[in-house]
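Engineer: As input, take work-v4.csv (CSV, C-alpha atoms):
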chain,number,residue,atom,x,y,z
A,9,MET,CA,15.0,29.5,46.2
A,10,ALA,CA,17.3,27.5,43.9
A,11,LYS,CA,16.0,26.6,40.5
A,12,ALA,CA,15.4,22.9,39.8
A,13,ASP,CA,17.8,21.2,37.4
A,14,TYR,CA,16.4,21.2,33.9
A,15,TYR,CA,17.3,17.5,33.2
A,16,GLU,CA,15.6,16.5,36.5
A,17,LEU,CA,12.5,18.5,35.6
A,18,LEU,CA,12.2,16.5,32.3
A,19,GLY,CA,13.2,13.2,33.9
A,20,ALA,CA,16.0,12.8,31.4
A,21,GLY,CA,19.7,12.1,31.8
A,22,ARG,CA,22.4,14.5,30.7
A,23,ASP,CA,23.3,12.2,27.8
A,24,ALA,CA,19.7,12.2,26.5
A,25,SER,CA,19.3,12.6,22.8
A,26,ASP,CA,17.2,15.4,21.2
A,27,GLU,CA,14.4,12.8,20.5
A,28,ASP,CA,14.5,11.6,24.1
A,29,LEU,CA,14.1,15.2,25.4
A,30,LYS,CA,11.2,15.8,23.0
A,31,LYS,CA,9.4,12.7,24.2
A,32,ALA,CA,9.9,13.5,27.8
A,33,TYR,CA,8.6,17.1,27.3
A,34,ARG,CA,5.7,16.0,25.3
A,35,LYS,CA,4.6,13.6,28.0
A,36,LEU,CA,4.9,16.2,30.8
A,37,ALA,CA,3.4,19.1,28.7
A,38,MET,CA,0.3,16.9,28.2
A,39,LYS,CA,0.1,16.1,31.8
A,40,TYR,CA,0.4,19.6,33.2
A,41,HIS,CA,-1.3,21.6,30.4
A,42,PRO,CA,-3.6,24.3,31.8
A,43,ASP,CA,-6.5,23.0,29.7
A,44,ARG,CA,-6.3,19.7,31.5
A,45,ASN,CA,-5.8,21.3,34.9
A,46,PRO,CA,-8.1,24.3,35.1
A,47,ASP,CA,-7.6,26.6,38.1
A,48,ASP,CA,-4.6,24.4,39.3
A,49,LYS,CA,-1.9,26.9,40.1
A,50,GLU,CA,0.6,24.1,41.0
A,51,ALA,CA,0.1,22.4,37.6
A,52,GLU,CA,0.4,25.7,35.8
A,53,GLN,CA,3.7,26.4,37.5
A,54,LYS,CA,5.0,22.9,36.7
A,55,PHE,CA,3.9,23.4,33.1
A,56,LYS,CA,6.0,26.7,32.9
A,57,GLU,CA,9.0,25.0,34.5
A,58,VAL,CA,9.1,22.0,32.1
A,59,SER,CA,8.5,24.3,29.1
A,60,GLU,CA,11.4,26.5,30.2
A,61,ALA,CA,13.6,23.5,30.6
A,62,TYR,CA,12.8,22.1,27.2
A,63,HIS,CA,13.2,25.6,25.6
A,64,VAL,CA,16.8,25.6,26.8
A,65,LEU,CA,17.8,22.0,26.3
A,66,SER,CA,16.3,21.8,22.8
A,67,ASP,CA,18.7,24.5,21.6
A,68,LYS,CA,22.2,23.1,21.0
A,69,GLU,CA,24.0,26.3,22.0
A,70,LYS,CA,21.9,27.0,25.1
A,71,ARG,CA,22.2,23.4,26.1
A,72,ALA,CA,26.0,23.5,25.8
A,73,ALA,CA,26.1,26.7,27.9
A,74,TYR,CA,23.8,25.1,30.5
A,75,ASP,CA,25.8,21.9,30.7
A,76,ARG,CA,28.9,24.0,31.4
A,77,PHE,CA,27.7,26.8,33.7
A,78,GLY,CA,24.2,25.7,34.8
A,79,HIS,CA,21.6,28.4,35.5
A,80,ALA,CA,24.3,31.0,35.8
A,81,ALA,CA,24.7,30.9,32.0
A,82,PHE,CA,21.5,32.8,31.6
A,83,GLU,CA,21.8,35.2,34.5
A,84,GLY,CA,23.0,38.8,34.3
A,85,PRO,CA,22.2,41.8,32.0
A,86,GLY,CA,20.6,41.1,28.7
A,87,SER,CA,19.4,37.7,29.6
A,88,GLY,CA,15.7,38.7,29.2
A,89,PRO,CA,12.8,37.3,31.1
A,90,GLY,CA,13.2,33.7,32.2
A,91,ALA,CA,16.1,31.4,31.4
A,92,GLY,CA,17.7,32.1,28.0
A,93,GLY,CA,15.2,34.9,27.3
A,94,PHE,CA,12.2,32.5,27.4
A,95,ASP,CA,9.0,34.5,27.3
A,96,PHE,CA,5.7,32.6,27.4
A,97,GLY,CA,3.9,35.1,25.1
A,98,THR,CA,6.1,34.2,22.1
A,99,SER,CA,8.7,31.5,22.7
A,100,PHE,CA,6.3,28.9,24.2
A,101,ALA,CA,4.0,29.1,21.1
A,102,ASP,CA,7.0,28.2,19.0
A,103,VAL,CA,8.0,25.3,21.3
A,104,PHE,CA,4.5,24.0,21.4
A,105,ASP,CA,4.1,24.3,17.6
A,106,ASP,CA,7.4,22.4,17.1
A,107,LEU,CA,6.2,19.5,19.2
A,108,PHE,CA,2.5,19.3,18.6
A,109,GLY,CA,2.0,21.1,15.3
A,110,GLU,CA,1.3,17.8,13.4
A,111,PHE,CA,-1.6,17.1,15.6
A,112,MET,CA,-3.2,20.5,15.1
A,113,GLY,CA,-3.0,20.5,11.3
A,114,GLY,CA,-0.2,23.2,11.3
A,115,GLY,CA,3.3,23.0,9.8
A,116,ARG,CA,6.6,24.0,11.3
A,117,ARG,CA,6.9,27.4,12.8
A,118,GLY,CA,7.7,30.4,10.7
A,119,GLY,CA,6.2,29.3,7.4
A,120,ARG,CA,2.9,29.5,5.7
A,121,ARG,CA,0.9,26.3,5.1
A,122,GLN,CA,1.6,24.8,1.7
A,123,ALA,CA,-1.2,24.2,-0.8
A,124,PRO,CA,-2.4,20.6,-0.5
A,125,ARG,CA,-0.9,17.9,-2.8
A,126,GLY,CA,-3.2,16.6,-5.5
A,127,ALA,CA,-5.3,13.6,-4.8
A,128,ASP,CA,-4.2,10.1,-5.9
A,129,LEU,CA,-6.3,8.4,-8.5
A,130,ARG,CA,-7.2,4.7,-9.1
A,131,TYR,CA,-7.7,3.0,-12.4
A,132,ASN,CA,-9.0,-0.6,-12.7
A,133,MET,CA,-7.6,-2.5,-15.7
A,134,GLU,CA,-8.4,-6.0,-16.9
A,135,ILE,CA,-5.8,-8.0,-19.0
A,136,SER,CA,-5.8,-11.4,-20.5
A,137,LEU,CA,-3.7,-14.3,-19.2
A,138,GLU,CA,-1.6,-14.1,-22.4
A,139,ASP,CA,-0.9,-10.4,-21.7
A,140,ALA,CA,0.2,-11.3,-18.1
A,141,PHE,CA,2.5,-14.0,-19.6
A,142,SER,CA,4.2,-11.8,-22.2
A,143,GLY,CA,3.7,-8.3,-20.8
A,144,LYS,CA,2.4,-5.5,-22.9
A,145,GLN,CA,2.3,-1.7,-23.6
A,146,ALA,CA,-1.2,-0.3,-23.1
A,147,THR,CA,-2.6,3.2,-23.5
A,148,ILE,CA,-5.3,4.3,-21.1
A,149,ARG,CA,-7.4,7.5,-20.9
A,150,VAL,CA,-7.8,8.9,-17.4
A,151,PRO,CA,-10.2,11.8,-16.5
A,152,GLY,CA,-8.9,14.2,-13.9
A,153,THR,CA,-7.5,17.6,-13.2
A,154,VAL,CA,-4.3,19.1,-14.7
A,155,THR,CA,-2.4,22.3,-14.1
A,156,CYS,CA,-4.0,25.2,-15.8
A,157,GLU,CA,-1.8,26.3,-18.7
A,158,ALA,CA,-3.2,29.8,-18.9
A,159,CYS,CA,-1.9,30.7,-15.4
A,160,ASN,CA,0.7,28.0,-15.0
A,161,GLY,CA,-1.1,26.8,-11.8
A,162,SER,CA,-0.9,30.2,-10.0
A,163,GLY,CA,-4.6,30.8,-10.2
A,164,ALA,CA,-4.0,34.5,-11.1
A,165,ARG,CA,-4.7,36.0,-14.5
A,166,ALA,CA,-1.8,36.0,-17.0
A,167,GLY,CA,0.5,39.0,-16.3
A,168,THR,CA,-0.5,39.2,-12.6
A,169,ARG,CA,0.5,37.2,-9.6
A,170,PRO,CA,-1.0,36.4,-6.2
A,171,SER,CA,-0.2,38.9,-3.4
A,172,ALA,CA,0.6,38.3,0.2
A,173,CYS,CA,-2.4,38.1,2.5
A,174,GLY,CA,-2.9,41.3,4.4
A,175,THR,CA,-4.4,39.5,7.4
A,176,CYS,CA,-1.6,37.2,8.2
A,177,GLY,CA,1.2,38.9,6.3
A,178,GLY,CA,1.8,35.9,4.2
A,179,ALA,CA,2.4,33.5,7.1
A,180,GLY,CA,-0.9,31.6,6.6
A,181,LYS,CA,-1.5,31.7,10.3
A,182,VAL,CA,-2.8,34.2,12.9
A,183,ARG,CA,-2.1,34.3,16.6
A,184,ALA,CA,-4.3,35.3,19.5
A,185,GLN,CA,-3.0,35.9,23.0
A,186,GLN,CA,-5.0,34.3,25.9
A,187,GLY,CA,-3.1,35.1,29.1
A,188,PHE,CA,0.4,33.6,28.9
A,189,PHE,CA,-0.8,31.1,26.2
A,190,THR,CA,-0.7,31.9,22.5
A,191,ILE,CA,-3.3,30.2,20.2
A,192,GLU,CA,-2.3,29.9,16.6
A,193,ARG,CA,-5.0,29.3,13.9
A,194,THR,CA,-5.2,29.1,10.1
A,195,CYS,CA,-5.8,32.5,8.6
A,196,PRO,CA,-9.5,32.9,7.8
A,197,THR,CA,-8.8,35.2,4.8
A,198,CYS,CA,-6.4,33.1,2.8
A,199,GLN,CA,-7.2,29.7,4.4
A,200,GLY,CA,-3.6,29.1,5.2
A,201,ALA,CA,-2.2,29.8,1.7
A,202,GLY,CA,-0.5,33.0,2.7
A,203,GLN,CA,-1.6,34.6,-0.6
A,204,VAL,CA,-4.7,36.1,-2.1
A,205,ILE,CA,-5.7,36.4,-5.7
A,206,ALA,CA,-7.1,39.8,-6.7
A,207,ASP,CA,-7.6,38.9,-10.4
A,208,PRO,CA,-8.4,35.2,-10.8
A,209,CYS,CA,-7.5,33.4,-14.0
A,210,PRO,CA,-10.6,33.1,-16.2
A,211,SER,CA,-9.7,29.6,-17.4
A,212,CYS,CA,-9.5,28.0,-14.0
A,213,ARG,CA,-11.3,30.6,-11.9
A,214,GLY,CA,-8.4,30.9,-9.5
A,215,ALA,CA,-8.1,27.2,-8.8
A,216,GLY,CA,-4.9,26.7,-10.7
A,217,ARG,CA,-6.2,23.5,-12.3
A,218,VAL,CA,-8.8,22.4,-14.8
A,219,GLN,CA,-10.7,19.2,-15.7
A,220,LYS,CA,-9.1,17.3,-18.6
A,221,GLU,CA,-8.9,13.7,-19.8
A,222,LYS,CA,-5.3,12.6,-20.6
A,223,SER,CA,-3.8,9.6,-22.4
A,224,LEU,CA,-1.1,7.7,-20.6
A,225,ALA,CA,1.2,4.8,-21.8
A,226,VAL,CA,1.4,2.0,-19.3
A,227,ASN,CA,4.1,-0.7,-19.3
A,228,ILE,CA,2.7,-4.0,-17.9
A,229,PRO,CA,5.6,-6.3,-17.1
A,230,ALA,CA,5.5,-10.0,-17.8
A,231,GLY,CA,4.5,-12.2,-14.9
A,232,VAL,CA,2.0,-9.8,-13.2
A,233,GLU,CA,-0.7,-11.4,-11.0
A,234,ASP,CA,-4.2,-10.6,-10.2
A,235,GLY,CA,-4.3,-7.6,-7.9
A,236,THR,CA,-0.8,-6.2,-9.0
A,237,ARG,CA,-0.6,-2.5,-8.5
A,238,ILE,CA,1.3,-0.2,-10.8
A,239,ARG,CA,2.2,3.4,-9.6
A,240,LEU,CA,2.6,6.3,-12.1
A,241,ALA,CA,4.1,9.0,-10.0
A,242,GLY,CA,2.7,12.5,-10.6
A,243,GLU,CA,-0.1,11.4,-12.9
A,244,GLY,CA,-2.9,11.9,-10.3
A,245,GLU,CA,-4.9,15.0,-9.7
A,246,ALA,CA,-3.1,18.3,-10.1
A,247,GLY,CA,-2.3,20.1,-6.8
A,248,ALA,CA,-4.0,23.4,-6.0
A,249,ARG,CA,-2.2,26.5,-7.1
A,250,GLY,CA,0.9,24.8,-8.4
A,251,ALA,CA,1.3,22.2,-5.5
A,252,ALA,CA,2.7,18.8,-6.3
A,253,PRO,CA,0.3,16.4,-8.1
A,254,GLY,CA,-0.9,13.1,-6.7
A,255,ASP,CA,-0.1,9.7,-8.1
A,256,LEU,CA,-2.1,7.3,-10.3
A,257,TYR,CA,-2.4,3.7,-9.2
A,258,ILE,CA,-3.4,1.1,-11.8
A,259,PHE,CA,-4.9,-2.1,-10.3
A,260,LEU,CA,-4.7,-5.1,-12.6
A,261,SER,CA,-7.1,-8.0,-12.7
A,262,VAL,CA,-6.3,-11.0,-14.9
A,263,ALA,CA,-9.4,-12.4,-16.7
A,264,PRO,CA,-10.3,-16.1,-16.3
A,265,HIS,CA,-9.0,-18.2,-19.2
A,266,HIS,CA,-11.2,-20.8,-21.0
A,267,ILE,CA,-8.5,-23.4,-21.1
A,268,PHE,CA,-5.8,-22.6,-18.5
A,269,LEU,CA,-6.0,-22.2,-14.8
A,270,ARG,CA,-3.3,-20.2,-13.1
A,271,ASP,CA,-1.8,-21.1,-9.7
A,272,ALA,CA,0.9,-18.4,-8.9
A,273,MET,CA,3.7,-19.3,-11.4
A,274,HIS,CA,2.2,-22.6,-12.4
A,275,ILE,CA,-0.4,-23.4,-15.1
A,276,HIS,CA,-2.9,-26.2,-15.0
A,277,CYS,CA,-4.7,-27.6,-18.1
A,278,ARG,CA,-7.2,-30.4,-18.3
A,279,VAL,CA,-6.8,-32.3,-21.6
A,280,PRO,CA,-9.3,-35.0,-22.8
A,281,ILE,CA,-7.8,-38.1,-24.4
A,282,PRO,CA,-9.5,-41.1,-26.2
A,283,MET,CA,-10.0,-44.3,-24.3
A,284,THR,CA,-7.8,-46.1,-26.8
A,285,THR,CA,-4.9,-43.7,-26.3
A,286,ALA,CA,-5.1,-44.1,-22.5
A,287,ALA,CA,-5.2,-47.9,-22.9
A,288,LEU,CA,-2.7,-48.4,-25.6
A,289,GLY,CA,-0.5,-45.4,-25.1
A,290,GLY,CA,0.4,-42.7,-27.5
A,291,ALA,CA,1.0,-38.9,-27.7
A,292,VAL,CA,-1.0,-35.8,-27.5
A,293,GLU,CA,-0.2,-32.2,-28.4
A,294,VAL,CA,-1.2,-29.5,-25.9
A,295,PRO,CA,-1.2,-25.7,-26.2
A,296,THR,CA,0.9,-23.5,-23.9
A,297,VAL,CA,0.2,-20.0,-22.6
A,298,GLY,CA,3.0,-18.6,-24.7
A,299,GLY,CA,1.3,-19.8,-27.9
A,300,SER,CA,3.5,-22.7,-28.7
A,301,ARG,CA,2.7,-26.5,-28.6
A,302,ALA,CA,4.1,-29.2,-26.4
A,303,ARG,CA,4.0,-32.9,-27.0
A,304,VAL,CA,3.0,-35.2,-24.1
A,305,THR,CA,3.8,-38.9,-24.2
A,306,VAL,CA,1.0,-40.9,-22.7
A,307,PRO,CA,2.1,-44.4,-21.4
A,308,ALA,CA,-0.3,-47.4,-21.9
A,309,GLY,CA,-2.7,-47.8,-19.1
A,310,THR,CA,-2.9,-44.1,-18.1
A,311,GLN,CA,-5.8,-43.4,-15.8
A,312,SER,CA,-8.1,-40.4,-15.8
A,313,GLY,CA,-6.8,-37.7,-13.5
A,314,HIS,CA,-3.1,-38.5,-14.0
A,315,GLN,CA,-0.9,-35.4,-14.3
A,316,PHE,CA,2.1,-34.8,-16.5
A,317,ARG,CA,4.6,-32.0,-15.6
A,318,LEU,CA,6.1,-29.8,-18.3
A,319,ARG,CA,9.0,-27.9,-16.7
A,320,GLY,CA,9.4,-24.2,-17.5
A,321,LYS,CA,6.1,-24.0,-19.4
A,322,GLY,CA,4.3,-21.9,-16.8
A,323,MET,CA,4.2,-18.2,-16.0
A,324,PRO,CA,7.4,-16.1,-15.9
A,325,ALA,CA,8.6,-14.7,-12.6
A,326,LEU,CA,7.7,-11.0,-12.1
A,327,ARG,CA,10.9,-9.0,-12.6
A,328,GLY,CA,12.9,-12.1,-12.1
A,329,ALA,CA,14.4,-15.1,-13.9
A,330,GLY,CA,12.8,-18.4,-14.7
A,331,HIS,CA,9.3,-19.8,-15.3
A,332,GLY,CA,6.9,-22.0,-13.4
A,333,ASP,CA,5.7,-25.4,-14.6
A,334,MET,CA,2.7,-26.5,-16.6
A,335,TYR,CA,0.6,-29.5,-15.3
A,336,ILE,CA,-1.4,-31.5,-17.8
A,337,GLU,CA,-4.2,-33.5,-16.3
A,338,VAL,CA,-5.7,-36.1,-18.6
A,339,ALA,CA,-9.4,-37.0,-18.7
A,340,VAL,CA,-10.1,-40.3,-20.3
A,341,GLU,CA,-13.2,-40.0,-22.5
A,342,THR,CA,-15.9,-42.6,-22.9
A,343,PRO,CA,-16.8,-42.9,-26.6
A,344,VAL,CA,-20.4,-42.1,-27.6
A,345,ASN,CA,-22.5,-42.6,-30.8
A,346,LEU,CA,-20.8,-46.0,-31.4
A,347,SER,CA,-21.4,-47.8,-34.7
A,348,LYS,CA,-22.8,-51.4,-34.7
A,349,ARG,CA,-19.3,-52.8,-35.4
A,350,GLN,CA,-17.7,-50.8,-32.6
A,351,LYS,CA,-20.3,-52.1,-30.2
A,352,GLU,CA,-19.6,-55.7,-31.3
A,353,LEU,CA,-15.8,-55.1,-30.8
A,354,LEU,CA,-16.3,-53.7,-27.3
A,355,LYS,CA,-18.5,-56.6,-26.3
A,356,GLN,CA,-15.8,-59.0,-27.5
A,357,PHE,CA,-13.3,-57.0,-25.5
A,358,ASP,CA,-15.5,-57.2,-22.4
A,359,GLU,CA,-15.9,-60.9,-22.7
A,360,GLN,CA,-12.2,-61.5,-23.0
A,361,ALA,CA,-11.5,-59.1,-20.1
A,362,GLY,CA,-13.6,-61.3,-17.8
A,363,SER,CA,-10.9,-63.8,-17.4
A,364,ARG,CA,-8.0,-61.3,-16.9
A,365,PRO,CA,-8.4,-58.0,-15.0
A,366,THR,CA,-7.8,-55.0,-17.1
A,367,SER,CA,-9.0,-52.2,-14.8
A,368,PRO,CA,-6.8,-52.2,-11.7
A,369,GLU,CA,-8.5,-49.2,-10.0
A,370,SER,CA,-12.1,-50.6,-10.3
A,371,GLU,CA,-10.9,-54.0,-9.3
A,372,GLY,CA,-9.3,-52.6,-6.1
A,373,PHE,CA,-12.4,-50.6,-5.3
A,374,PHE,CA,-14.9,-53.4,-5.7
A,375,THR,CA,-12.6,-55.7,-3.6
A,376,LYS,CA,-12.9,-53.2,-0.8
A,377,VAL,CA,-16.7,-53.0,-1.2
A,378,LYS,CA,-16.9,-56.8,-1.0
A,379,GLU,CA,-14.9,-56.8,2.2
A,380,LEU,CA,-17.2,-54.1,3.6
A,381,TRP,CA,-20.3,-56.1,2.9
A,382,GLU,CA,-18.8,-59.2,4.5
A,383,ASP,CA,-18.0,-57.3,7.6
A,384,LEU,CA,-21.5,-56.0,7.8
A,385,LYS,CA,-22.9,-59.5,7.6
A,386,ASP,CA,-20.7,-60.6,10.5
Please re-express this file's structure in structure tokens.
Structural biologist:
Amino acid sequence: MAKADYYELLGAGRDASDEDLKKAYRKLAMKYHPDRNPDDKEAEQKFKEVSEAYHVLSDKEKRAAYDRFGHAAFEGPGSGPGAGGFDFGTSFADVFDDLFGEFMGGGRRGGRRQAPRGADLRYNMEISLEDAFSGKQATIRVPGTVTCEACNGSGARAGTRPSACGTCGGAGKVRAQQGFFTIERTCPTCQGAGQVIADPCPSCRGAGRVQKEKSLAVNIPAGVEDGTRIRLAGEGEAGARGAAPGDLYIFLSVAPHHIFLRDAMHIHCRVPIPMTTAALGGAVEVPTVGGSRARVTVPAGTQSGHQFRLRGKGMPALRGAGHGDMYIEVAVETPVNLSKRQKELLKQFDEQAGSRPTSPESEGFFTKVKELWEDLKD
């Protein structure tokens, strides 16, 4: 009986990329896997056929030979069992590990599992609005683990070194044969490290890392916002037995200010002004986030709530050019604790104001109220 075409078995065209072939095989292998189809001889045979096809087509040299000569490329003396010497006791385990190893917690075939990378750390840091405006250099102290200096992270006593695991031969994995299917598991002796320590380091007790608080300099750029994250690569927890360390993430929070209110790159400030300044006009000096002073001209007749815009007096752009604006909102104050003379003058002012409107906003409001009452009477 003629063997089926490998490309047809996988449902792929002859111009299919390596990734397309992998996806096609992954789908079919899951479909016909013996664990999903127990006691199904037809599914088992199909599983063998698609695995054989992928074994050949995933190898560039074998694929080139198959494209030129077909199945005849693997016939004859020395070809071994199956196409291209494909034996389910060994080769399929490698094919399956190549495709599905990431789902089973294993690495690529042929190598021991690397020691886990160190954990990432988080540090919460609060800064003032002034610091966010100008930027700053800060020093922080972070508790965590560092590489053991006594053993340089190996976990073995100084002058000795870890030896290859006798159970797995340094591979970090052991294989068990179940019929034609080979099961690969993490070595129970070395837990996948591929090495064992006969004489542990007394300082770290074989861990390769120790607890230690360290001081770090942090550069906070100007313009940072609440929630900004700064990453310090390699400043997290030390990795086990010399593995790569994790990272440190600094999360910034900007403390509320007692005068200024931030809105992205803009700053808002509410400034009280005397009633006389609002009525007659004048000027007021206001502070800025940068520490300087700005002069605001208040025209006569300014109403409470009016905003003045100061261009470029806001927050700087983070890692960019330019600044936001500052908005000054005036609040007209009513005087209190008046002297007798001041009260007399205000009464005179009120009497003279009766013949000529001096408060346009209140006049408009009460005109609308009067119209409303008249409408209700009708």
Engineer: Choose the residue, out of A:Ala206, A:Ile191, A:Ala127, A:Val64, that has the smallest atom-to-atom separation from Ala252 in chain A; count all atoms listed in the file.
Structural biologist: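 Using all atoms listed in the file, the shortest distance to Ala252 in chain A belongs to A:Ala127.
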Engineer: Near Arg22 in chain A, within 12 Å and counting only C-alpha atoms, which residues show up once chain neighbours fewer than 4 positions away are dropped, as a list in words?
Structural biologist: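 Here the qualifying residues turn out to be Asp13, Tyr14, Tyr15, Glu16, Leu17, Leu18, Asp26, Asp28, Leu29, Leu65, Arg71, Ala72, Tyr74, Asp75 and Arg76 of chain A.
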Engineer: Restrict the selected residues to C-alpha atoms and save them as a PDB file, keeping the file's coordinate frame.
Structural biologist:
ATOM      1  CA  ASP A  13      17.800  21.200  37.400  1.00  0.00           C
ATOM      2  CA  TYR A  14      16.400  21.200  33.900  1.00  0.00           C
ATOM      3  CA  TYR A  15      17.300  17.500  33.200  1.00  0.00           C
ATOM      4  CA  GLU A  16      15.600  16.500  36.500  1.00  0.00           C
ATOM      5  CA  LEU A  17      12.500  18.500  35.600  1.00  0.00           C
ATOM      6  CA  LEU A  18      12.200  16.500  32.300  1.00  0.00           C
ATOM      7  CA  ASP A  26      17.200  15.400  21.200  1.00  0.00           C
ATOM      8  CA  ASP A  28      14.500  11.600  24.100  1.00  0.00           C
ATOM      9  CA  LEU A  29      14.100  15.200  25.400  1.00  0.00           C
ATOM     10  CA  LEU A  65      17.800  22.000  26.300  1.00  0.00           C
ATOM     11  CA  ARG A  71      22.200  23.400  26.100  1.00  0.00           C
ATOM     12  CA  ALA A  72      26.000  23.500  25.800  1.00  0.00           C
ATOM     13  CA  TYR A  74      23.800  25.100  30.500  1.00  0.00           C
ATOM     14  CA  ASP A  75      25.800  21.900  30.700  1.00  0.00           C
ATOM     15  CA  ARG A  76      28.900  24.000  31.400  1.00  0.00           C
TER      16      ARG A  76
END
Engineer: List as a list of chain:residue names the protein and nucleic acid residues near range 174-181 of chain A, meaning an atom at most 7 Å away when all atoms listed in the file are counted, but skip any in the same chain fewer than 2 places from it.
Structural biologist: A:Gly119, A:Arg120, A:Arg121, A:Ala172, A:Arg183, A:Glu192, A:Arg193, A:Thr194, A:Cys195, A:Thr197, A:Cys198, A:Gln199, A:Gly200, A:Ala201, A:Gly202, A:Gln203
Engineer: Residues around (-4.7, 11.7, -11.5), cut-off 10 Å, counting all atoms listed in the file - what are they as a list in words?
Structural biologist: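 Output of the proximity query reads Gly126, Ala127, Asp128, Leu129, Arg130, Tyr131, Val150, Pro151, Gly152, Thr153, Val154, Glu221, Lys222, Leu240, Ala241, Gly242, Glu243, Gly244, Glu245, Ala246, Gly247, Pro253, Gly254, Asp255, Leu256 and Tyr257 of chain A.
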Engineer: Measure the distance from CA of Pro280 in chain A to CA of Val306 in chain A in Å and round it to one decimal.
Structural biologist: 11.9 Å
Engineer: Please produce, as a Markdown table, a per-residue contact table for range 331-367 of chain A versus range 289-295 of chain A (criterion: any atom at most 12 Å away, only C-alpha atoms considered), showing the nearest atom pair and its distance in Å to one decimal, sorted by chain then residue number.
Structural biologist:
| residue | atom | partner | partner_atom | distance |
| --- | --- | --- | --- | --- |
| A:Met334 | CA | A:Pro295 | CA | 10.4 |
| A:Tyr335 | CA | A:Val294 | CA | 10.8 |
| A:Ile336 | CA | A:Val294 | CA | 8.3 |
| A:Glu337 | CA | A:Val294 | CA | 10.8 |
| A:Val338 | CA | A:Val292 | CA | 10.1 |
| A:Val340 | CA | A:Gly289 | CA | 11.9 |
Engineer: So the first atom is CA of Arg165 in chain A and the second is CA of Asp207 in chain A; what is the distance between them in Å, to one decimal place?
Structural biologist: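 Separation between CA of Arg165 in chain A and CA of Asp207 in chain A: 5.8 Å.
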Engineer: Within 9 Å of (8.7, 26.8, 40.5) (file coordinates; only C-alpha atoms), which protein or nucleic acid residues are there? I'd like them as a PDB file with C-alpha atoms, in the coordinates of the input.
Structural biologist:
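Done, and the output landed in out-v9.pdb:
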ATOM      1  CA  MET A   9      15.000  29.500  46.200  1.00  0.00           C
ATOM      2  CA  LYS A  11      16.000  26.600  40.500  1.00  0.00           C
ATOM      3  CA  ALA A  12      15.400  22.900  39.800  1.00  0.00           C
ATOM      4  CA  GLU A  50       0.600  24.100  41.000  1.00  0.00           C
ATOM      5  CA  GLN A  53       3.700  26.400  37.500  1.00  0.00           C
ATOM      6  CA  LYS A  54       5.000  22.900  36.700  1.00  0.00           C
ATOM      7  CA  LYS A  56       6.000  26.700  32.900  1.00  0.00           C
ATOM      8  CA  GLU A  57       9.000  25.000  34.500  1.00  0.00           C
TER       9      GLU A  57
END
Engineer: Contacts of Ser162 in chain A at 6 Å or less, counting only C-alpha atoms, minus same-chain residues fewer than 2 places along, as an MDAnalysis selection string?
Structural biologist: chainID A and resid 159:160 164 216 249:250
Engineer: What is the CA of Ile238 in chain A to CA of Gln219 in chain A distance in Å?
Structural biologist: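 So the two atoms, CA of Ile238 in chain A and CA of Gln219 in chain A, lie 23.3 Å apart.
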Engineer: May I ask which of the residues A:Asn227, A:Ser171, A:Gln311, A:Thr296 is the closest one to Met283 in chain A, counting all atoms listed in the file?
Structural biologist: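 Among the listed residues, A:Gln311 lies closest to Met283 in chain A.
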